[in-house]
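Trainee: Got input.pdb for you, PDB, C-alpha atoms:
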```
MODEL        1
ATOM      1  CA  MET A   1     -60.118 -48.076  -9.199
ATOM      2  CA  ALA A   2     -60.779 -44.898 -11.163
ATOM      3  CA  ASN A   3     -57.119 -44.800 -12.200
ATOM      4  CA  ARG A   4     -57.336 -48.299 -13.688
ATOM      5  CA  GLU A   5     -60.441 -47.370 -15.665
ATOM      6  CA  ALA A   6     -58.796 -44.181 -16.922
ATOM      7  CA  LEU A   7     -55.699 -46.153 -17.929
ATOM      8  CA  ARG A   8     -57.823 -48.747 -19.720
ATOM      9  CA  GLU A   9     -59.680 -45.967 -21.602
ATOM     10  CA  LEU A  10     -56.383 -44.354 -22.562
ATOM     11  CA  GLN A  11     -55.022 -47.658 -23.857
ATOM     12  CA  THR A  12     -58.190 -48.221 -25.880
ATOM     13  CA  ARG A  13     -57.979 -44.727 -27.430
ATOM     14  CA  LEU A  14     -54.293 -45.166 -28.271
ATOM     15  CA  ALA A  15     -54.912 -48.560 -29.852
ATOM     16  CA  SER A  16     -57.698 -47.145 -32.031
ATOM     17  CA  ARG A  17     -55.552 -44.163 -33.058
ATOM     18  CA  LEU A  18     -52.650 -46.459 -33.982
ATOM     19  CA  ALA A  19     -54.972 -48.647 -36.033
ATOM     20  CA  ALA A  20     -56.361 -45.582 -37.798
ATOM     21  CA  ALA A  21     -52.839 -44.310 -38.513
ATOM     22  CA  ARG A  22     -51.904 -47.618 -40.124
ATOM     23  CA  THR A  23     -54.922 -47.567 -42.446
ATOM     24  CA  GLU A  24     -54.764 -43.848 -43.313
ATOM     25  CA  GLY A  25     -51.050 -43.718 -44.027
ATOM     26  CA  VAL A  26     -48.548 -41.213 -42.716
ATOM     27  CA  GLN A  27     -49.416 -37.533 -42.947
ATOM     28  CA  PRO A  28     -47.077 -34.692 -42.158
ATOM     29  CA  SER A  29     -47.554 -33.366 -38.629
ATOM     30  CA  TRP A  30     -46.264 -30.067 -37.360
ATOM     31  CA  LEU A  31     -45.848 -28.019 -34.239
ATOM     32  CA  ALA A  32     -47.498 -24.687 -35.070
ATOM     33  CA  LEU A  33     -46.056 -21.536 -33.529
ATOM     34  CA  GLU A  34     -45.769 -17.802 -33.905
ATOM     35  CA  SER A  35     -42.591 -15.755 -33.803
ATOM     36  CA  GLY A  36     -41.980 -12.161 -34.780
ATOM     37  CA  GLY A  37     -45.461 -11.801 -36.258
ATOM     38  CA  SER A  38     -45.038 -14.798 -38.581
ATOM     39  CA  CYS A  39     -46.567 -18.261 -38.331
ATOM     40  CA  TYR A  40     -44.296 -21.283 -38.620
ATOM     41  CA  LEU A  41     -44.638 -25.058 -38.759
ATOM     42  CA  PHE A  42     -41.902 -27.270 -37.273
ATOM     43  CA  PRO A  43     -42.002 -30.940 -38.312
ATOM     44  CA  LEU A  44     -42.765 -32.966 -35.187
ATOM     45  CA  ALA A  45     -40.070 -35.510 -36.045
ATOM     46  CA  GLN A  46     -37.447 -32.736 -35.981
ATOM     47  CA  SER A  47     -38.768 -30.888 -32.931
ATOM     48  CA  GLY A  48     -37.676 -31.671 -29.418
ATOM     49  CA  GLU A  49     -38.910 -30.784 -25.979
ATOM     50  CA  ILE A  50     -40.689 -27.497 -25.269
ATOM     51  CA  PHE A  51     -39.561 -25.444 -22.278
ATOM     52  CA  PRO A  52     -40.916 -22.292 -20.619
ATOM     53  CA  PHE A  53     -38.768 -19.273 -21.371
ATOM     54  CA  SER A  54     -36.118 -18.362 -18.844
ATOM     55  CA  PRO A  55     -33.482 -15.796 -19.742
ATOM     56  CA  PRO A  56     -30.317 -17.507 -21.008
ATOM     57  CA  GLN A  57     -26.822 -16.708 -19.775
ATOM     58  CA  PRO A  58     -25.385 -14.226 -22.299
ATOM     59  CA  VAL A  59     -22.264 -15.208 -24.236
ATOM     60  CA  PRO A  60     -19.925 -12.378 -25.257
ATOM     61  CA  TYR A  61     -18.851 -11.764 -28.848
ATOM     62  CA  THR A  62     -21.789 -13.523 -30.476
ATOM     63  CA  LEU A  63     -24.300 -12.344 -33.055
ATOM     64  CA  PRO A  64     -27.384 -10.550 -31.693
ATOM     65  CA  TRP A  65     -29.808 -13.386 -32.519
ATOM     66  CA  PHE A  66     -27.761 -15.804 -30.368
ATOM     67  CA  LEU A  67     -29.187 -14.996 -26.942
ATOM     68  CA  GLY A  68     -26.838 -17.166 -24.898
ATOM     69  CA  VAL A  69     -26.905 -20.584 -23.262
ATOM     70  CA  SER A  70     -29.433 -22.221 -20.938
ATOM     71  CA  ASN A  71     -29.438 -25.312 -18.786
ATOM     72  CA  LEU A  72     -32.537 -27.164 -19.954
ATOM     73  CA  ARG A  73     -33.229 -30.323 -18.002
ATOM     74  CA  GLY A  74     -29.536 -30.853 -17.323
ATOM     75  CA  GLY A  75     -28.315 -30.155 -20.862
ATOM     76  CA  LEU A  76     -26.530 -27.028 -22.072
ATOM     77  CA  TYR A  77     -28.358 -25.493 -25.055
ATOM     78  CA  GLY A  78     -27.589 -22.495 -27.223
ATOM     79  CA  VAL A  79     -30.662 -20.229 -27.428
ATOM     80  CA  ILE A  80     -31.500 -18.541 -30.720
ATOM     81  CA  ASP A  81     -34.219 -15.941 -31.228
ATOM     82  CA  LEU A  82     -36.021 -17.426 -34.254
ATOM     83  CA  ALA A  83     -37.579 -14.153 -35.450
ATOM     84  CA  ALA A  84     -34.275 -12.265 -35.233
ATOM     85  CA  PHE A  85     -32.412 -15.078 -37.019
ATOM     86  CA  VAL A  86     -34.910 -15.317 -39.893
ATOM     87  CA  ALA A  87     -35.014 -11.523 -40.335
ATOM     88  CA  ASP A  88     -31.251 -11.180 -39.671
ATOM     89  CA  ALA A  89     -32.097  -8.380 -37.260
ATOM     90  CA  GLN A  90     -31.743  -7.373 -33.633
ATOM     91  CA  PRO A  91     -33.962  -9.306 -31.193
ATOM     92  CA  VAL A  92     -37.142  -7.503 -30.201
ATOM     93  CA  MET A  93     -37.522  -6.561 -26.558
ATOM     94  CA  ARG A  94     -40.441  -8.581 -25.209
ATOM     95  CA  SER A  95     -42.879  -7.259 -22.638
ATOM     96  CA  ASP A  96     -43.610  -9.288 -19.515
ATOM     97  CA  ALA A  97     -46.895 -10.440 -21.067
ATOM     98  CA  MET A  98     -45.097 -11.630 -24.210
ATOM     99  CA  ARG A  99     -42.427 -13.402 -22.153
ATOM    100  CA  ALA A 100     -45.124 -15.301 -20.287
ATOM    101  CA  GLN A 101     -46.224 -16.883 -23.597
ATOM    102  CA  SER A 102     -42.695 -17.332 -25.004
ATOM    103  CA  ARG A 103     -41.252 -20.830 -25.184
ATOM    104  CA  LEU A 104     -37.985 -22.509 -26.032
ATOM    105  CA  VAL A 105     -38.357 -25.305 -28.580
ATOM    106  CA  ALA A 106     -35.359 -27.625 -28.547
ATOM    107  CA  LEU A 107     -34.260 -29.370 -31.704
ATOM    108  CA  ASN A 108     -34.644 -33.137 -31.759
ATOM    109  CA  PRO A 109     -31.566 -34.785 -30.191
ATOM    110  CA  LEU A 110     -31.179 -36.865 -33.379
ATOM    111  CA  LEU A 111     -30.134 -33.658 -35.184
ATOM    112  CA  GLU A 112     -27.091 -33.549 -32.857
ATOM    113  CA  VAL A 113     -27.279 -29.793 -32.261
ATOM    114  CA  ASN A 114     -27.884 -28.652 -28.682
ATOM    115  CA  CYS A 115     -30.017 -25.709 -29.605
ATOM    116  CA  ALA A 116     -33.355 -24.246 -28.570
ATOM    117  CA  LEU A 117     -35.321 -21.695 -30.581
ATOM    118  CA  LEU A 118     -37.078 -18.854 -28.778
ATOM    119  CA  ILE A 119     -40.608 -18.453 -30.113
ATOM    120  CA  ASP A 120     -43.343 -16.017 -29.098
ATOM    121  CA  LYS A 121     -46.303 -18.354 -28.812
ATOM    122  CA  LEU A 122     -47.322 -21.964 -29.357
ATOM    123  CA  ALA A 123     -50.339 -22.469 -31.616
ATOM    124  CA  GLY A 124     -50.846 -26.224 -31.201
ATOM    125  CA  LEU A 125     -50.419 -29.182 -33.498
ATOM    126  CA  ARG A 126     -51.399 -29.256 -37.163
ATOM    127  CA  ASN A 127     -51.631 -31.859 -39.889
ATOM    128  CA  LEU A 128     -52.409 -31.529 -43.572
ATOM    129  CA  ASP A 129     -56.170 -31.502 -42.947
ATOM    130  CA  ALA A 130     -55.853 -28.135 -41.150
ATOM    131  CA  PHE A 131     -54.978 -26.316 -44.389
ATOM    132  CA  THR A 132     -56.936 -25.387 -47.481
ATOM    133  CA  SER A 133     -54.002 -24.788 -49.846
ATOM    134  CA  SER A 134     -50.252 -25.130 -50.136
ATOM    135  CA  CYS A 135     -47.504 -23.601 -52.250
ATOM    136  CA  GLU A 136     -43.761 -23.750 -52.700
ATOM    137  CA  ALA A 137     -41.525 -21.591 -50.526
ATOM    138  CA  PRO A 138     -41.451 -17.967 -51.701
ATOM    139  CA  GLN A 139     -38.813 -17.041 -54.285
ATOM    140  CA  GLY A 140     -35.535 -16.094 -52.612
ATOM    141  CA  SER A 141     -36.465 -17.630 -49.264
ATOM    142  CA  PRO A 142     -33.855 -19.453 -47.170
ATOM    143  CA  ASP A 143     -33.032 -23.096 -47.930
ATOM    144  CA  TYR A 144     -34.617 -24.208 -44.669
ATOM    145  CA  PHE A 145     -38.059 -22.908 -45.670
ATOM    146  CA  GLY A 146     -40.281 -25.703 -46.912
ATOM    147  CA  SER A 147     -43.755 -25.427 -48.357
ATOM    148  CA  GLY A 148     -46.183 -22.733 -47.296
ATOM    149  CA  TYR A 149     -49.722 -23.550 -46.187
ATOM    150  CA  THR A 150     -52.869 -21.458 -45.844
ATOM    151  CA  ASP A 151     -55.573 -22.361 -43.343
ATOM    152  CA  ALA A 152     -59.322 -21.739 -43.562
ATOM    153  CA  ALA A 153     -58.945 -18.366 -41.801
ATOM    154  CA  GLY A 154     -56.494 -17.223 -44.515
ATOM    155  CA  THR A 155     -53.425 -17.373 -42.255
ATOM    156  CA  TYR A 156     -50.193 -18.286 -44.036
ATOM    157  CA  TRP A 157     -47.972 -20.847 -42.281
ATOM    158  CA  GLN A 158     -44.353 -21.345 -43.328
ATOM    159  CA  GLU A 159     -42.832 -24.790 -42.827
ATOM    160  CA  VAL A 160     -39.289 -24.720 -41.394
ATOM    161  CA  ASN A 161     -37.088 -27.753 -42.001
ATOM    162  CA  LEU A 162     -35.155 -27.867 -38.723
ATOM    163  CA  GLN A 163     -32.665 -30.406 -40.037
ATOM    164  CA  VAL A 164     -31.669 -28.128 -42.916
ATOM    165  CA  LEU A 165     -31.693 -25.097 -40.578
ATOM    166  CA  SER A 166     -29.374 -26.816 -38.105
ATOM    167  CA  GLN A 167     -26.775 -27.381 -40.857
ATOM    168  CA  GLN A 168     -26.784 -23.855 -42.295
ATOM    169  CA  PRO A 169     -23.352 -22.204 -42.051
ATOM    170  CA  ARG A 170     -24.981 -18.937 -40.849
ATOM    171  CA  PHE A 171     -26.837 -20.863 -38.123
ATOM    172  CA  LEU A 172     -23.653 -22.583 -36.938
ATOM    173  CA  ALA A 173     -21.446 -19.463 -37.003
ATOM    174  CA  ILE A 174     -22.536 -17.525 -33.907
ATOM    175  CA  SER A 175     -19.420 -15.400 -33.373
ATOM    176  CA  ALA A 176     -19.695 -11.698 -34.119
TER     177      ALA A 176
ENDMDL
END
```
What does the file become when written as structure tokens?
Mentor:
Amino acid sequence: MANREALRELQTRLASRLAAARTEGVQPSWLALESGGSCYLFPLAQSGEIFPFSPPQPVPYTLPWFLGVSNLRGGLYGVIDLAAFVADAQPVMRSDAMRAQSRLVALNPLLEVNCALLIDKLAGLRNLDAFTSSCEAPQGSPDYFGSGYTDAAGTYWQEVNLQVLSQQPRFLAISA
């Protein structure tokens, strides 16, 4: 009986949220995360499933930021260290405590790239209301960087367009 009541409450909440979304219009929504000391925002529509980190199977003769391949829920995914890719540097060795918080964020299957990005820590979901100001991507930043946002605590969040990222020649060319 309690399960039916809980289901009914859930349906009521979802219906009210859908009605509110229709009247308020569509706002950007992001998956907020941290990687390599930077804060990033992935558009929810471009993000896929989130997996706990498990060491990938190394692939020889690839660039250092390509960590290898992993079987994630029956699919073979290339694993890229986001911080190392953005900085074009060697991946940082993570302590056991850091690995416990690390996650693999798969790209949305609609992007047609079987890839998961290694991130250090999830920071939740954000929408436009979570930020006090926004600005264009910094001068000279990669094409896949979107707008930057600052929250009330003064933390700068960089939007990453995963669709543009997944089509970058540097992103697709993993051989060393």
Trainee: List the residues matched by the PyMOL selection byres ((chain A and resi 107-120) around 8) in the displayed structure as a PyMOL selection string, ordered by chain and then by residue number.
Mentor: chain A and resi 33-36+45-49+53+75-83+98-99+101-106+121-122+162-163+166
Trainee: Any chance you could resolve the PyMOL selection byres ((chain A and resi 146) around 6) against this file and give the residues as a PyMOL selection string?
Mentor: chain A and resi 137+145+147+159-160
Trainee: Run through the PyMOL selection byres ((chain A and resi 63) around 8) on the given coordinates and return the selected residues as a PDB file with C-alpha atoms, in the coordinates of the input.
Mentor:
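Resulting contents of result_35.pdb:
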```pdb
ATOM      1  CA  TYR A  61     -18.851 -11.764 -28.848  1.00  0.00           C
ATOM      2  CA  THR A  62     -21.789 -13.523 -30.476  1.00  0.00           C
ATOM      3  CA  PRO A  64     -27.384 -10.550 -31.693  1.00  0.00           C
ATOM      4  CA  TRP A  65     -29.808 -13.386 -32.519  1.00  0.00           C
ATOM      5  CA  PHE A  66     -27.761 -15.804 -30.368  1.00  0.00           C
ATOM      6  CA  ILE A 174     -22.536 -17.525 -33.907  1.00  0.00           C
ATOM      7  CA  SER A 175     -19.420 -15.400 -33.373  1.00  0.00           C
ATOM      8  CA  ALA A 176     -19.695 -11.698 -34.119  1.00  0.00           C
TER       9      ALA A 176
END
```
Trainee: Which one is closest to Gly37 (chain A): A:Gln167, A:Asn161, A:Thr155, A:Ser133? Count only C-alpha atoms.
Mentor: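 When distances to Gly37 (chain A) are compared using only C-alpha atoms, the smallest one comes from A:Thr155.
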Trainee: Identify which of the residues A:Glu5, A:Asp151, A:Asp143, A:Asp88 lies closest to Leu165 (chain A), counting only C-alpha atoms when measuring atom-to-atom distances.
Mentor: A:Asp143
Trainee: I need the residue nearest Leu31 (chain A) from this list: A:Pro52, A:Gly68, A:Gly124, A:Pro60. Use all atoms listed in the file for the distance.
Mentor: A:Gly124
Trainee: Could you jot down the CA of Trp30 (chain A) to CA of Leu128 (chain A) separation for me, Å, one decimal place?
Mentor: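 These atoms are spaced 8.9 Å apart.
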Trainee: List as a PyMOL selection string the protein and nucleic acid residues near region 152-154 of chain A, meaning an atom at most 9 Å away when only C-alpha atoms are counted, but skip any in the same chain fewer than 6 places from it.
Mentor: chain A and resi 130-133
